[in-house]
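Below is query-v5.cif, which holds mmCIF, C-alpha atoms and all ligand atoms.
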data_run
loop_
_atom_site.label_atom_id
_atom_site.label_comp_id
_atom_site.auth_asym_id
_atom_site.auth_seq_id
_atom_site.Cartn_x
_atom_site.Cartn_y
_atom_site.Cartn_z
CA MET M 1 23.83 7.03 -4.87
CA ASN M 2 24.51 10.40 -3.28
CA PRO M 3 25.38 10.06 0.45
CA GLU M 4 24.42 13.71 1.04
CA HIS M 5 20.98 13.01 -0.35
CA ILE M 6 20.55 10.09 2.08
CA ARG M 7 21.55 12.36 4.98
CA GLU M 8 18.98 14.94 3.85
CA ILE M 9 16.25 12.28 3.82
CA ILE M 10 17.19 11.23 7.36
CA ASP M 11 17.23 14.87 8.54
CA HIS M 12 13.83 15.41 6.94
CA HIS M 13 12.50 12.61 9.19
CA GLU M 14 14.28 14.08 12.21
CA GLY M 15 16.58 11.09 12.43
CA GLY M 16 13.61 8.74 12.83
CA LYS M 17 12.88 10.13 16.32
CA LYS M 18 9.16 10.58 15.66
CA ALA M 19 8.06 7.78 13.39
CA GLY M 20 10.97 5.31 13.44
CA ILE M 21 13.11 4.23 10.53
CA ILE M 22 10.44 2.78 8.22
CA PRO M 23 9.46 6.15 6.66
CA ILE M 24 13.19 6.85 6.10
CA LEU M 25 13.65 3.53 4.31
CA GLU M 26 10.46 4.12 2.29
CA ASP M 27 11.78 7.48 1.08
CA ILE M 28 15.17 6.04 0.15
CA GLN M 29 13.55 3.18 -1.71
CA SER M 30 11.20 5.51 -3.58
CA GLN M 31 14.23 7.52 -4.77
CA TYR M 32 16.53 4.63 -5.70
CA SER M 33 14.05 1.77 -6.30
CA TYR M 34 15.96 -0.27 -3.70
CA LEU M 35 17.95 0.14 -0.49
CA PRO M 36 21.66 0.40 -1.36
CA GLU M 37 24.01 -1.06 1.26
CA GLU M 38 25.80 2.24 1.66
CA ALA M 39 22.50 3.98 2.36
CA LEU M 40 21.73 1.48 5.14
CA ARG M 41 25.13 2.15 6.69
CA ILE M 42 24.42 5.89 6.68
CA VAL M 43 20.97 5.31 8.23
CA ALA M 44 22.58 3.23 10.99
CA GLU M 45 25.27 5.81 11.64
CA LYS M 46 22.93 8.83 11.63
CA THR M 47 20.11 7.30 13.68
CA GLY M 48 22.47 5.67 16.18
CA ARG M 49 21.05 2.19 15.57
CA SER M 50 22.96 -0.94 14.79
CA LEU M 51 23.35 -1.99 11.18
CA VAL M 52 21.89 -5.37 12.15
CA ASP M 53 18.66 -3.65 13.27
CA ILE M 54 18.43 -1.66 10.06
CA TYR M 55 19.01 -4.78 7.96
CA GLY M 56 16.46 -6.64 10.07
CA VAL M 57 13.75 -4.12 9.16
CA ALA M 58 14.84 -3.82 5.51
CA SER M 59 14.79 -7.57 4.97
CA PHE M 60 11.64 -8.28 7.02
CA TYR M 61 9.19 -6.23 4.93
CA LYS M 62 8.55 -7.41 1.41
CA ALA M 63 7.98 -3.84 0.29
CA PHE M 64 11.72 -3.20 0.67
CA SER M 65 14.31 -4.54 -1.73
CA LEU M 66 18.03 -4.93 -1.13
CA LYS M 67 18.64 -5.58 -4.83
CA PRO M 68 18.24 -2.95 -7.58
CA ARG M 69 14.74 -3.03 -8.99
CA GLY M 70 13.25 -1.73 -12.19
CA LYS M 71 11.34 1.54 -12.24
CA HIS M 72 8.09 -0.42 -11.95
CA LEU M 73 7.22 -3.48 -9.89
CA ILE M 74 4.66 -5.99 -11.14
CA SER M 75 3.48 -8.40 -8.43
CA ILE M 76 1.39 -11.43 -9.32
CA CYS M 77 -0.56 -13.07 -6.54
CA LEU M 78 -0.14 -16.84 -6.28
CA GLY M 79 -1.99 -17.18 -2.96
CA THR M 80 -4.51 -20.02 -2.79
CA ALA M 81 -7.53 -18.06 -4.05
CA CYS M 82 -5.65 -16.51 -6.96
CA HIS M 83 -3.88 -19.79 -7.73
CA VAL M 84 -7.14 -21.69 -8.19
CA ARG M 85 -8.45 -18.91 -10.42
CA GLY M 86 -5.51 -19.22 -12.81
CA GLY M 87 -2.82 -17.06 -11.21
CA LEU M 88 -0.07 -19.38 -12.41
CA ARG M 89 -1.15 -19.00 -16.06
CA ILE M 90 -1.08 -15.22 -15.59
CA ALA M 91 2.41 -15.39 -14.10
CA GLU M 92 3.61 -17.50 -17.05
CA GLU M 93 2.14 -15.00 -19.51
CA PHE M 94 3.98 -12.12 -17.81
CA GLU M 95 7.20 -14.16 -17.88
CA ARG M 96 6.71 -14.92 -21.59
CA GLN M 97 5.99 -11.33 -22.58
CA LEU M 98 8.65 -9.70 -20.39
CA LYS M 99 11.17 -12.48 -21.03
CA ILE M 100 12.16 -12.60 -17.37
CA LYS M 101 11.46 -14.85 -14.38
CA PRO M 102 10.04 -13.70 -11.03
CA GLY M 103 12.76 -11.87 -9.09
CA GLU M 104 14.32 -10.55 -12.32
CA THR M 105 14.32 -7.15 -14.00
CA THR M 106 13.94 -6.41 -17.70
CA LYS M 107 17.12 -5.46 -19.58
CA ASP M 108 15.94 -1.86 -19.97
CA LYS M 109 15.61 -1.68 -16.13
CA GLU M 110 11.97 -0.70 -16.50
CA ILE M 111 10.10 -3.61 -14.89
CA THR M 112 10.78 -6.06 -12.07
CA LEU M 113 8.54 -9.09 -11.80
CA GLU M 114 7.69 -10.89 -8.56
CA THR M 115 5.17 -13.39 -7.26
CA VAL M 116 3.57 -12.94 -3.84
CA ASN M 117 1.35 -15.01 -1.57
CA CYS M 118 -1.73 -12.88 -0.91
CA LEU M 119 -2.54 -9.30 -1.71
CA GLY M 120 -5.66 -9.17 0.45
CA ALA M 121 -8.33 -9.00 -2.26
CA CYS M 122 -8.88 -12.75 -2.69
CA ALA M 123 -12.47 -12.54 -3.98
CA LEU M 124 -11.33 -10.41 -6.92
CA GLY M 125 -8.52 -12.72 -8.05
CA PRO M 126 -6.41 -13.34 -9.92
CA ILE M 127 -4.86 -10.13 -8.61
CA VAL M 128 -1.90 -8.32 -10.13
CA THR M 129 -0.49 -5.08 -8.76
CA VAL M 130 1.66 -2.56 -10.58
CA ASP M 131 3.52 -0.23 -8.21
CA GLY M 132 0.89 -1.05 -5.59
CA ARG M 133 -2.14 -0.41 -7.84
CA TYR M 134 -4.57 -3.31 -8.09
CA PHE M 135 -5.79 -5.05 -11.24
CA SER M 136 -8.55 -7.55 -10.47
CA ASN M 137 -9.92 -10.62 -12.30
CA VAL M 138 -6.89 -10.60 -14.57
CA VAL M 139 -7.01 -12.87 -17.62
CA SER M 140 -4.17 -13.65 -20.04
CA PRO M 141 -5.34 -11.29 -22.83
CA LYS M 142 -5.09 -8.39 -20.36
CA VAL M 143 -1.41 -8.97 -19.61
CA ARG M 144 -0.14 -6.96 -22.60
CA GLU M 145 -2.31 -3.98 -21.62
CA ILE M 146 -1.13 -4.12 -17.98
CA ILE M 147 2.52 -4.13 -19.09
CA HIS M 148 1.80 -1.18 -21.37
CA LYS M 149 0.16 0.73 -18.49
CA ALA M 150 3.12 -0.07 -16.23
CA ARG M 151 5.58 1.32 -18.79
CA THR M 152 3.59 4.44 -19.61
CA GLY M 153 2.98 5.44 -16.00
CA LEU M 154 0.19 4.63 -13.60
CA ASP M 155 0.18 7.93 -11.79
CA ARG M 156 -2.22 9.40 -14.30
CA VAL M 157 -5.33 7.81 -12.80
CA ASP M 158 -8.74 8.76 -14.12
CA ILE M 159 -11.13 7.86 -11.33
CA LYS M 160 -14.10 7.85 -13.70
CA THR M 161 -12.78 5.27 -16.13
CA ASP M 162 -10.03 3.37 -14.31
CA GLU M 163 -11.20 -0.16 -13.55
CA ARG M 164 -8.58 -0.55 -10.83
CA ILE M 165 -10.54 1.61 -8.40
CA PHE M 166 -14.10 1.07 -7.28
CA PRO M 167 -16.38 2.43 -4.53
CA VAL M 168 -17.09 0.56 -1.28
CA GLU M 169 -19.75 1.22 1.36
CA VAL M 170 -18.40 0.65 4.85
CA ALA M 171 -19.73 0.30 8.39
CA CYS M 172 -18.30 0.13 11.90
CA PRO M 173 -17.35 -3.48 12.77
CA ARG M 174 -18.49 -2.87 16.37
CA CYS M 175 -21.93 -1.18 16.05
CA ASN M 176 -22.58 -1.85 12.33
CA HIS M 177 -23.55 1.81 11.85
CA SER M 178 -22.76 3.16 8.38
CA LEU M 179 -19.59 5.27 8.21
CA MET M 180 -20.63 6.88 4.93
CA ASP M 181 -21.08 10.66 4.90
CA ARG M 182 -23.52 11.49 2.10
CA HIS M 183 -23.18 15.24 2.70
CA HIS M 184 -19.48 15.35 1.87
CA TYR M 185 -18.14 13.91 -1.35
CA ILE M 186 -14.55 12.99 -2.18
CA ASP M 187 -13.59 11.79 -5.69
CA GLY M 188 -17.26 12.26 -6.64
CA TYR M 189 -18.58 9.74 -4.08
CA PRO M 190 -19.85 9.98 -0.48
CA SER M 191 -16.85 10.00 1.83
CA ILE M 192 -16.09 7.71 4.78
CA ARG M 193 -16.16 9.68 8.03
CA VAL M 194 -14.29 8.57 11.15
CA THR M 195 -12.65 10.34 14.07
CA VAL M 196 -8.94 10.10 14.76
CA SER M 197 -6.49 10.99 17.45
CA PHE M 198 -2.75 11.57 17.15
CA GLU M 199 -0.16 13.60 19.00
CA PHE M 200 -2.78 14.86 21.56
CA LYS M 201 -5.11 16.04 18.79
CA HIS M 202 -8.57 14.65 18.16
CA GLY M 203 -10.68 15.44 15.12
CA TRP M 204 -12.52 14.13 12.05
CA VAL M 205 -11.09 12.57 8.93
CA ARG M 206 -12.92 11.91 5.69
CA LEU M 207 -11.52 9.26 3.37
CA SER M 208 -12.31 8.48 -0.25
CA CYS M 209 -14.58 5.44 -0.51
CA LEU M 210 -12.84 4.46 -3.77
CA TYR M 211 -10.64 1.46 -3.13
CA GLY M 212 -7.37 2.39 -4.81
CA SER M 213 -7.72 6.14 -4.18
CA TYR M 214 -5.88 7.68 -1.24
CA SER M 215 -7.67 11.05 -1.20
CA VAL M 216 -8.30 12.30 2.31
CA ASP M 217 -9.61 15.41 4.00
CA SER M 218 -9.00 16.05 7.70
CA GLU M 219 -9.62 18.58 10.43
CA TYR M 220 -5.92 18.64 11.36
CA LYS M 221 -2.99 18.03 9.06
CA ILE M 222 -1.60 14.61 9.95
CA PRO M 223 2.17 14.48 9.32
CA ASP M 224 3.45 11.70 7.05
CA GLY M 225 4.62 8.65 8.94
CA VAL M 226 2.51 9.30 12.05
CA ILE M 227 0.41 6.37 13.31
CA THR M 228 -3.16 7.46 14.00
CA ASN M 229 -5.88 5.92 16.18
CA PHE M 230 -9.21 5.63 14.36
CA PHE M 231 -12.63 5.65 16.10
CA CYS M 232 -16.24 5.10 15.05
CA PRO M 233 -18.06 8.47 15.25
CA HIS M 234 -21.24 6.66 16.42
CA CYS M 235 -20.26 4.15 19.14
CA HIS M 236 -16.78 5.73 19.68
CA ALA M 237 -15.13 2.30 19.70
CA GLU M 238 -11.55 2.25 18.49
CA LEU M 239 -11.27 0.68 15.04
CA ILE M 240 -8.32 -1.59 15.56
CA GLY M 241 -7.73 -5.06 14.18
CA ALA M 242 -5.44 -7.90 15.09
CA SER M 243 -3.26 -7.61 12.00
CA GLU M 244 -0.35 -5.38 11.09
CA CYS M 245 0.37 -3.64 7.82
CA MET M 246 2.43 -5.87 5.51
CA THR M 247 4.22 -2.76 4.21
CA CYS M 248 5.17 -0.86 7.36
CA GLY M 249 4.07 -2.93 10.38
CA ALA M 250 1.61 -0.35 11.77
CA PRO M 251 -1.78 -1.58 13.11
CA MET M 252 -4.49 -2.03 10.49
CA VAL M 253 -7.89 -0.32 10.78
CA PRO M 254 -10.79 -2.65 9.90
CA MET M 255 -14.18 -1.62 8.47
CA LEU M 256 -17.07 -3.81 7.30
CA VAL M 257 -17.88 -3.71 3.60
CA ARG M 258 -21.61 -3.47 2.97
CA GLY M 259 -23.32 -5.14 0.02
CA GLU M 260 -20.47 -7.40 -1.11
CA GLY M 261 -19.72 -8.40 2.49
CA GLY M 262 -16.22 -8.72 3.84
CA MET M 263 -13.70 -6.39 5.35
CA ILE M 264 -11.53 -3.53 4.22
CA GLN M 265 -8.42 -2.76 6.25
CA ILE M 266 -6.43 0.43 5.91
CA CYS M 267 -3.01 1.11 7.36
CA SER M 268 -3.08 3.49 10.34
CA ARG M 269 0.18 5.16 9.31
CA ARG M 270 -0.33 8.43 7.41
CA GLY M 271 1.02 8.10 3.89
CA CYS M 272 1.31 4.29 3.88
CA LYS M 273 -0.61 2.62 1.07
CA GLY M 274 -0.75 -0.83 2.67
CA HIS M 275 -4.52 -1.24 2.39
CA ARG M 276 -6.24 -4.56 1.87
CA LEU M 277 -9.68 -5.75 0.87
CA ASP M 278 -11.22 -9.15 1.64
CA LEU M 279 -14.64 -9.64 0.09
CA THR M 280 -16.73 -12.68 0.95
S1 LIG Y 301 -4.89 -15.09 -2.72
FE1 LIG Y 301 -4.58 -13.49 -4.14
S2 LIG Y 301 -5.33 -11.78 -3.13
FE2 LIG Y 301 -5.49 -13.33 -1.65
#
In structure tokens, what does this structure look like?
Ligand code: FES
Amino acid sequence: MNPEHIREIIDHHEGGKKAGIIPILEDIQSQYSYLPEEALRIVAEKTGRSLVDIYGVASFYKAFSLKPRGKHLISICLGTACHVRGGLRIAEEFERQLKIKPGETTKDKEITLETVNCLGACALGPIVTVDGRYFSNVVSPKVREIIHKARTGLDRVDIKTDERIFPVEVACPRCNHSLMDRHHYIDGYPSIRVTVSFEFKHGWVRLSCLYGSYSVDSEYKIPDGVITNFFCPHCHAELIGASECMTCGAPMVPMLVRGEGGMIQICSRRGCKGHRLDLT
């Protein structure tokens, strides 16, 4: 670990003055795959916070790891819905093929395996995520292919053929008016149009309706790490739910899913990928 590099990351986030320390920790983790103790000491020293506070945040959120992780993280959901659909069998198959237990990393330092309680897409279980990308309805014969995809890199996503991403039609949970904008397409599908406000600015944002895609188009550039307030463009109600993002703790933004029924929730922090989908 290079201490200078950690200091640069903290400077890039202006010492956490604007968006707090979570974006700093996210950047460090994305560079080193975990949060080294020395890095946390530097964060405490440079941001003027106590080491206890920094550890508190780093150990509270499951997205952060204090132990070295492999390059890729495979998470298997063993929440109730996934468990009854065979999640345990899937976990055992991953353990058998990777020759590691949950919490361990393969010898080549490529893959860390973990089990989690709910990934927010219960109706599509068993759910497995690789570096935050969802695989739904996973069955044992698919395990080998998922491991192969994890090793060869998931960043090369083809939105036309990738079964991990799929379109949703959404509506305002207050007035039930559709939020789909059929005049503006993103990723080849009608976009989701809402209004947002942040840092005294107010304007439109269009989001990809593909669950698993994070493409976005907006009137104003929203800086990474900034928490944004979302509003329905029809009834102007604020789209704000009771829950917080499991990744960064920011408020979640709920929208009704049409057709399938259920709710999609996206994290209100720009750049955070802590989205969740609950179909009924
Ligand atoms: S129980 Fe697995 S996604 Fe909810």
Of the listed residues M:Lys67, M:Arg276, M:His202, M:Arg144, that which approaches ligand LIG 301 (chain Y) most closely, counting only C-alpha atoms and all ligand atoms: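 Smallest separation from ligand LIG 301 (chain Y) among the options: M:Arg276.
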Using all atoms listed in the file: which of M:Val168, M:Val196, M:Leu210, M:Cys82 has the shortest distance to Gly125 in chain M: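 Closest to Gly125 in chain M, using all atoms listed in the file: M:Cys82.
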Distance criterion (all atoms listed in the file): nearest to Tyr185 in chain M out of M:Ser136, M:Ser215, M:Ser197, M:Thr129: M:Ser215
Can you list every residue of chain M that has an atom at most 6 Å from ligand LIG 301 (chain Y), with its nearest atom pair and the distance in Å to one decimal, using all atoms listed in the file, ordered by chain then number, as a tab-separated table?
residue	atom	partner	partner_atom	distance
M:Cys77	CA	Y:LIG301	FE1	4.7
M:Leu78	CA	Y:LIG301	FE1	6.0
M:Gly79	CA	Y:LIG301	S1	3.6
M:Thr80	CA	Y:LIG301	S1	4.9
M:Ala81	CA	Y:LIG301	S1	4.2
M:Cys82	CA	Y:LIG301	FE1	4.3
M:Cys118	CA	Y:LIG301	FE2	3.9
M:Leu119	CA	Y:LIG301	S2	4.0
M:Gly120	CA	Y:LIG301	S2	4.4
M:Ala121	CA	Y:LIG301	S2	4.2
M:Cys122	CA	Y:LIG301	FE2	3.6
M:Gly125	CA	Y:LIG301	FE1	5.6
M:Ile127	CA	Y:LIG301	FE1	5.6
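Between Gly274 in chain M and the candidates M:Phe166, M:Tyr32, M:Tyr214, M:Phe230, the tightest atom-to-atom separation, counting only C-alpha atoms, involves M:Tyr214.
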Atom pair CA of Glu114 in chain M / CA of Ser213 in chain M: separation (Å):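 Separating CA of Glu114 in chain M from CA of Ser213 in chain M is a distance of 23.4 Å.
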Polymer residues at most 8 Å from Phe231 in chain M, all atoms listed in the file, same-chain spacing of 3 or more positions, as a compact mmCIF listing (two decimals) with C-alpha atoms, keeping the file's coordinate frame:
# COMPACT_ATOMS: atom_id res chain seq x y z
CA VAL M 194 -14.29 8.57 11.15
CA THR M 195 -12.65 10.34 14.07
CA VAL M 196 -8.94 10.10 14.76
CA HIS M 236 -16.78 5.73 19.68
CA ALA M 237 -15.13 2.30 19.70
CA GLU M 238 -11.55 2.25 18.49
CA LEU M 239 -11.27 0.68 15.04
Contact residues around Pro3 in chain M with all atoms listed in the file at 9 Å, ignoring same-chain residues under 4 positions, as number ranges by chain: M: 7-8, 38-39, 42
Between CA of Gln29 in chain M and CA of Lys62 in chain M - distance in Å to one decimal: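 Between CA of Lys62 in chain M and CA of Gln29 in chain M the gap works out to 12.1 Å.
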Among listed residues M:Ile100, M:Val138, M:Leu25, M:Val57, nearest Leu88 in chain M (using all atoms listed in the file):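 Once distances to Leu88 in chain M are computed over all atoms listed in the file, the minimum belongs to M:Val138.
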Residue with smallest distance to Met263 in chain M - pool M:Val205, M:Ile222, M:Tyr211, M:Arg41, counting all atoms listed in the file: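 Residue with the minimum atom-to-atom distance to Met263 in chain M: M:Tyr211.
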Residue neighbourhood His72 in chain M, 12 Å, only C-alpha atoms, exclusion window fewer than 5 positions, as a PyMOL selection string: chain M and resi 30+32-34+104-106+108-114+129-133+146-155
Store the residues picked out above in a file with C-alpha atoms, as a compact mmCIF listing (two decimals), in the coordinates of the input.
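The file below, part.txt, is the result:
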# COMPACT_ATOMS: atom_id res chain seq x y z
CA SER M 30 11.20 5.51 -3.58
CA TYR M 32 16.53 4.63 -5.70
CA SER M 33 14.05 1.77 -6.30
CA TYR M 34 15.96 -0.27 -3.70
CA GLU M 104 14.32 -10.55 -12.32
CA THR M 105 14.32 -7.15 -14.00
CA THR M 106 13.94 -6.41 -17.70
CA ASP M 108 15.94 -1.86 -19.97
CA LYS M 109 15.61 -1.68 -16.13
CA GLU M 110 11.97 -0.70 -16.50
CA ILE M 111 10.10 -3.61 -14.89
CA THR M 112 10.78 -6.06 -12.07
CA LEU M 113 8.54 -9.09 -11.80
CA GLU M 114 7.69 -10.89 -8.56
CA THR M 129 -0.49 -5.08 -8.76
CA VAL M 130 1.66 -2.56 -10.58
CA ASP M 131 3.52 -0.23 -8.21
CA GLY M 132 0.89 -1.05 -5.59
CA ARG M 133 -2.14 -0.41 -7.84
CA ILE M 146 -1.13 -4.12 -17.98
CA ILE M 147 2.52 -4.13 -19.09
CA HIS M 148 1.80 -1.18 -21.37
CA LYS M 149 0.16 0.73 -18.49
CA ALA M 150 3.12 -0.07 -16.23
CA ARG M 151 5.58 1.32 -18.79
CA THR M 152 3.59 4.44 -19.61
CA GLY M 153 2.98 5.44 -16.00
CA LEU M 154 0.19 4.63 -13.60
CA ASP M 155 0.18 7.93 -11.79
Non-local contacts of Val143 in chain M (10 Å; only C-alpha atoms; under 6 positions in same chain excluded) as a ChimeraX atom specification: /M:90-91,93-94,97,128,149
Neighbours of point (-19.1, 6.9, -2.8) within 7 Å, using only C-alpha atoms, written as a PyMOL selection string: chain M and resi 167-168+188-191+209-210
